[in-house]
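> I'm passing along run02.cif; it holds mmCIF, C-alpha atoms.
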data_structure
#
loop_
_atom_site.label_atom_id
_atom_site.label_comp_id
_atom_site.auth_asym_id
_atom_site.auth_seq_id
_atom_site.Cartn_x
_atom_site.Cartn_y
_atom_site.Cartn_z
CA MET W 1 56.43 -200.72 86.25
CA LYS W 2 56.18 -199.10 89.69
CA SER W 3 53.10 -198.38 91.76
CA GLN W 4 53.82 -194.64 91.68
CA ASP W 5 53.33 -194.77 87.90
CA ILE W 6 49.62 -195.42 88.48
CA GLY W 7 49.43 -192.44 90.82
CA LEU W 8 51.10 -190.23 88.23
CA LEU W 9 48.69 -191.36 85.51
CA LEU W 10 45.73 -190.58 87.78
CA LYS W 11 47.21 -187.12 88.38
CA LEU W 12 47.22 -186.60 84.61
CA VAL W 13 43.55 -187.59 84.55
CA ALA W 14 42.79 -185.11 87.34
CA LEU W 15 44.61 -182.32 85.51
CA ARG W 16 42.73 -182.94 82.29
CA SER W 17 39.39 -182.74 84.10
CA ILE W 18 40.05 -179.08 84.95
CA GLU W 19 41.96 -178.17 81.79
CA GLY W 20 40.82 -174.89 80.34
CA HIS W 21 39.13 -173.89 83.60
CA ASP W 22 40.17 -172.10 86.77
CA PRO W 23 40.70 -174.95 89.30
CA ASP W 24 39.36 -172.73 92.08
CA THR W 25 36.01 -172.18 90.36
CA HIS W 26 35.87 -175.42 88.35
CA PRO W 27 37.62 -178.00 90.56
CA GLY W 28 36.89 -181.03 88.41
CA LYS W 29 34.64 -184.07 88.59
CA GLY W 30 35.37 -184.66 92.26
CA ALA W 31 33.59 -181.46 93.14
CA ARG W 32 30.35 -183.01 91.95
CA VAL W 33 30.61 -186.16 94.07
CA LEU W 34 32.54 -185.21 97.20
CA ARG W 35 31.04 -183.36 100.13
CA ASP W 36 32.34 -179.87 100.90
CA ASP W 37 34.34 -181.10 103.90
CA TRP W 38 36.12 -183.79 101.85
CA ARG W 39 39.48 -183.29 103.55
CA ASP W 40 40.12 -185.95 106.22
CA TRP W 41 43.09 -184.23 107.82
CA ALA W 42 44.05 -181.18 109.84
CA LEU W 43 44.61 -178.27 107.46
CA ASP W 44 47.67 -176.05 107.31
CA ASP W 45 49.19 -173.59 104.84
CA ALA W 46 50.68 -176.46 102.78
CA ASP W 47 47.21 -177.58 101.74
CA ILE W 48 46.53 -174.64 99.43
CA ASP W 49 47.12 -174.85 95.68
CA LEU W 50 50.41 -173.80 94.17
CA PRO W 51 50.39 -170.13 93.12
CA GLU W 52 50.63 -169.87 89.38
CA GLU W 53 53.83 -167.84 89.50
CA SER W 54 55.64 -170.76 91.16
CA LEU W 55 54.95 -173.03 88.18
CA PRO W 56 57.38 -173.21 85.25
CA VAL W 57 56.15 -171.01 82.42
CA LEU W 58 56.29 -173.43 79.49
CA HIS W 59 53.03 -172.39 77.85
CA GLN W 60 50.95 -169.29 77.69
CA ASP W 61 48.22 -171.20 79.50
CA PRO W 62 49.28 -171.64 83.17
CA MET W 63 47.17 -174.77 83.36
CA LEU W 64 49.33 -176.52 80.77
CA ALA W 65 52.45 -175.66 82.76
CA ARG W 66 51.18 -178.08 85.40
CA TYR W 67 52.12 -180.95 83.08
CA SER W 68 55.85 -180.24 83.32
CA VAL W 69 58.04 -182.73 85.17
CA ARG W 70 58.80 -180.10 87.79
CA ALA W 71 55.14 -179.30 88.42
CA LEU W 72 54.08 -182.97 88.48
CA ALA W 73 56.81 -183.69 91.02
CA LYS W 74 55.67 -180.78 93.18
CA GLU W 75 52.04 -181.87 93.04
CA THR W 76 52.59 -185.58 93.70
CA GLY W 77 55.63 -185.64 95.99
CA ILE W 78 57.40 -187.97 93.54
CA SER W 79 60.92 -186.82 92.66
CA LYS W 80 61.54 -185.17 89.29
CA SER W 81 63.79 -188.02 88.16
CA GLN W 82 61.15 -190.60 89.11
CA VAL W 83 58.39 -188.62 87.37
CA SER W 84 60.48 -188.57 84.20
CA LEU W 85 61.19 -192.30 84.41
CA ALA W 86 57.54 -193.08 85.19
CA LEU W 87 56.37 -191.17 82.11
CA GLN W 88 58.89 -193.07 79.98
CA ARG W 89 57.72 -196.43 81.33
CA CYS W 90 54.06 -195.58 80.79
CA MET W 91 54.73 -194.41 77.23
CA GLN W 92 56.60 -197.63 76.47
CA VAL W 93 53.78 -199.93 77.63
CA GLY W 94 50.96 -197.87 76.15
CA LEU W 95 49.50 -196.49 79.37
CA ALA W 96 50.36 -192.93 78.34
CA ARG W 97 50.93 -190.97 75.15
CA LYS W 98 51.87 -187.49 74.04
CA ASP W 99 49.14 -185.08 73.03
CA ARG W 100 50.55 -183.94 69.69
CA ARG W 101 48.43 -180.81 69.66
CA ILE W 102 49.69 -179.28 72.89
CA ASN W 103 52.65 -181.57 73.67
CA VAL W 104 51.63 -182.72 77.14
CA PRO W 105 51.45 -186.29 78.50
CA ARG W 106 48.04 -187.96 78.52
CA ALA W 107 46.89 -191.14 80.23
CA ASN W 108 45.51 -193.86 77.95
CA LEU W 109 42.20 -194.00 79.78
CA ARG W 110 40.92 -197.34 78.49
CA ALA W 111 44.21 -199.13 79.14
CA LEU W 112 44.58 -197.50 82.56
CA PHE W 113 41.09 -198.53 83.61
CA ASN W 114 41.57 -202.11 82.42
CA PHE W 115 44.84 -202.41 84.31
CA ILE W 116 43.39 -201.01 87.54
CA ALA W 117 40.12 -202.95 87.34
CA HIS W 118 41.68 -206.30 86.47
CA GLY W 119 45.35 -206.22 87.45
CA VAL W 120 46.22 -203.78 90.21
CA ARG W 121 45.13 -206.08 93.08
CA TYR W 122 47.57 -208.72 91.83
CA VAL W 123 50.50 -206.50 90.86
CA PHE W 124 50.25 -204.08 93.81
CA PRO W 125 48.31 -205.97 96.51
CA ALA W 126 47.45 -204.48 99.90
CA LYS W 127 46.26 -205.90 103.21
CA PRO W 128 44.85 -204.02 106.24
CA GLY W 129 47.30 -203.82 109.13
CA GLU W 130 47.45 -202.38 112.63
CA ILE W 131 45.11 -199.76 114.07
CA THR W 132 46.44 -196.26 113.55
CA ARG W 133 45.50 -192.66 112.80
CA GLY W 134 45.40 -191.53 109.21
CA ILE W 135 43.46 -190.41 106.14
CA ALA W 136 40.37 -192.43 105.25
CA THR W 137 40.60 -194.57 102.13
CA THR W 138 38.59 -197.33 100.40
CA PHE W 139 34.96 -197.30 101.59
CA ALA W 140 35.66 -194.87 104.43
CA ALA W 141 36.78 -192.13 102.02
CA PRO W 142 34.23 -189.47 100.99
CA VAL W 143 33.94 -190.83 97.44
CA LEU W 144 32.46 -194.13 98.75
CA GLU W 145 31.41 -193.27 102.29
CA GLY W 146 28.38 -195.24 103.47
CA GLN W 147 28.28 -197.62 100.50
CA LEU W 148 28.63 -201.36 101.15
CA TYR W 149 30.24 -200.61 104.49
CA SER W 150 29.18 -202.75 107.45
CA ALA W 151 28.26 -201.11 110.76
CA GLY W 152 31.03 -201.51 113.28
CA GLU W 153 33.60 -202.40 110.66
CA LEU W 154 36.86 -200.50 111.09
CA PRO W 155 37.68 -198.03 108.33
CA MET W 156 40.93 -198.29 106.40
CA VAL W 157 43.38 -195.40 106.47
CA TRP W 158 46.66 -194.26 105.02
CA PRO W 159 48.86 -193.74 108.10
CA ASP W 160 49.33 -190.00 108.63
CA ALA W 161 49.87 -188.02 111.81
CA ARG W 162 47.50 -185.27 110.65
CA GLY W 163 44.71 -187.62 109.61
CA ASN W 164 41.30 -187.30 111.24
CA SER W 165 40.33 -190.98 111.06
CA LYS W 166 41.35 -194.00 113.09
CA GLY W 167 41.31 -197.43 111.52
CA GLN W 168 43.32 -200.23 109.99
CA ALA W 169 46.46 -199.09 108.24
CA ILE W 170 46.82 -199.81 104.54
CA ASP W 171 50.00 -199.08 102.65
CA PRO W 172 49.29 -196.32 100.12
CA LEU W 173 49.86 -197.08 96.46
CA PHE W 174 53.02 -194.94 96.65
CA LYS W 175 54.84 -193.31 99.54
CA SER W 176 53.72 -189.71 99.01
CA VAL W 177 49.98 -190.42 98.60
CA PRO W 178 49.02 -188.51 101.82
CA TYR W 179 50.87 -185.45 100.49
CA ALA W 180 49.49 -185.72 96.96
CA VAL W 181 45.82 -186.12 97.92
CA ARG W 182 45.89 -182.98 100.06
CA ARG W 183 46.45 -180.98 96.89
CA ASP W 184 43.81 -182.56 94.65
CA ARG W 185 40.33 -183.78 95.55
CA ASP W 186 39.94 -185.77 92.31
CA LEU W 187 43.23 -187.55 92.94
CA TYR W 188 42.11 -188.33 96.50
CA ALA W 189 38.90 -189.85 95.20
CA MET W 190 40.58 -191.92 92.51
CA LEU W 191 43.32 -193.28 94.77
CA ALA W 192 40.71 -194.26 97.37
CA LEU W 193 38.79 -196.08 94.62
CA VAL W 194 41.96 -197.88 93.55
CA ASP W 195 42.44 -199.01 97.15
CA ALA W 196 38.87 -200.31 97.25
CA ILE W 197 39.68 -202.39 94.18
CA ARG W 198 42.97 -203.57 95.71
CA VAL W 199 41.44 -204.86 98.95
CA GLY W 200 37.70 -205.22 98.34
CA HIS W 201 35.60 -208.32 97.80
CA PRO W 202 34.19 -208.82 94.26
CA ARG W 203 31.02 -206.80 94.87
CA GLU W 204 32.96 -203.96 96.51
CA SER W 205 35.61 -203.95 93.80
CA LYS W 206 32.91 -203.83 91.12
CA LEU W 207 31.29 -200.76 92.69
CA ALA W 208 34.65 -199.01 93.04
CA ALA W 209 35.52 -199.83 89.43
CA GLU W 210 32.21 -198.40 88.21
CA ARG W 211 32.83 -195.18 90.13
CA LEU W 212 36.40 -195.00 88.83
CA ALA W 213 35.15 -195.44 85.26
CA ALA W 214 33.10 -192.25 85.68
CA TYR W 215 36.27 -190.34 86.56
CA LEU W 216 38.08 -191.74 83.53
CA GLU W 217 35.34 -190.95 81.00
#
The structure in this file should be written as structure tokens.

Amino acid sequence: MKSQDIGLLLKLVALRSIEGHDPDTHPGKGARVLRDDWRDWALDDADIDLPEESLPVLHQDPMLARYSVRALAKETGISKSQVSLALQRCMQVGLARKDRRINVPRANLRALFNFIAHGVRYVFPAKPGEITRGIATTFAAPVLEGQLYSAGELPMVWPDARGNSKGQAIDPLFKSVPYAVRRDRDLYAMLALVDAIRVGHPRESKLAAERLAAYLE
């Protein structure tokens, strides 16, 4: 299993949260917990959502077309071949399944949560590194900002030239995380929570896991 597989599964969770709704008017669970200025980077034209006509038309519902390998690759920055392989791996180990009704991949939410809460820090560990500019993650990210964060403590960031924060670098769960989170506020929140579990002390990890559980309900 690769770390990008977890990112892809979380993208599936984010997609399901807005399924059946217009993502512009019903942006998912993250809209209810993140402040309006949740983006911690300089904006440009690449930060807008994909126009529906650019997505492969595999279903009458444009939302369901976002589950195609091509669309998932475009949204996450993971190559199409790697998306396909990741889905196969996740199906094999029970972290994903096919929705027989509409034939799209679904994350196994209980298994995914258990793996992240109890295993991700050991399988995909992370340690803060040098001071750099980037996108806020862990307890500096909007989803956990101000909670269990000591005054004067440096934030943790994913290194990114367009990021608005300065802090200790932490390797993202997969290479294209800074690209992927710009396109999806729920994914940004969940990946920041995963990082808090990866590097946090027991109390911090517990809080992050509780918040993540709310996203995976």
> Name the closest residue to Ala136 of chain W among the candidates W:Leu64, W:Ala192, W:Ala214, W:Val120; distances are taken between atoms, counting only C-alpha atoms.
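For Ala136 of chain W, the nearest of the candidates is W:Ala192.
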> From the options W:Arg162, W:Pro155, W:Val194, W:Lys11, which residue's atoms come nearest to Lys74 of chain W, counting only C-alpha atoms?
W:Lys11
> Can you list, as a list of chain:residue names, every protein, DNA or RNA residue that comes within 12 Å of Met91 of chain W when you count all atoms listed in the file, leaving out same-chain residues fewer than 5 positions away?
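Result of the neighbour search: W:Met1, W:Asp5, W:Leu9, W:Ser84, W:Leu85, W:Ala86, W:Ala96, W:Arg97, W:Lys98, W:Asp99, W:Pro105, W:Arg106, W:Ala107, W:Asn108, W:Ala111, W:Leu112.
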> Quick one: pull the distance between atom CA of Ile170 of chain W and atom CA of Gly146 of chain W, Å, one decimal.
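Calculated distance between atom CA of Ile170 of chain W and atom CA of Gly146 of chain W is 19.0 Å.
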> Quick one: everything within 8 Å of Arg121 of chain W, counting all atoms listed in the file, minus sequence neighbours fewer than 4 positions away in the same chain. Send it as an MDAnalysis selection string.
chainID W and resid 116 125:126 197:199
> Write out as a VMD selection string the residues lying within 12 Å of Lys166 of chain W, counting all atoms listed in the file and excluding same-chain residues fewer than 6 positions away.
chain W and resid 40 to 41 130 to 137 140 153 to 160
> Identify the residues around (55.3, -187.8, 84.5) within a radius of 7 Å, measuring from all atoms listed in the file in the coordinates stated by the file, and give them as an MDAnalysis selection string.
chainID W and resid 8 69 72 83:84 86:87
> Take atom CA of Tyr179 of chain W and atom CA of Gly119 of chain W and report the distance between them in Å, one decimal.
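Taking atom CA of Tyr179 of chain W as the start and atom CA of Gly119 of chain W as the end point, the length is 25.1 Å.
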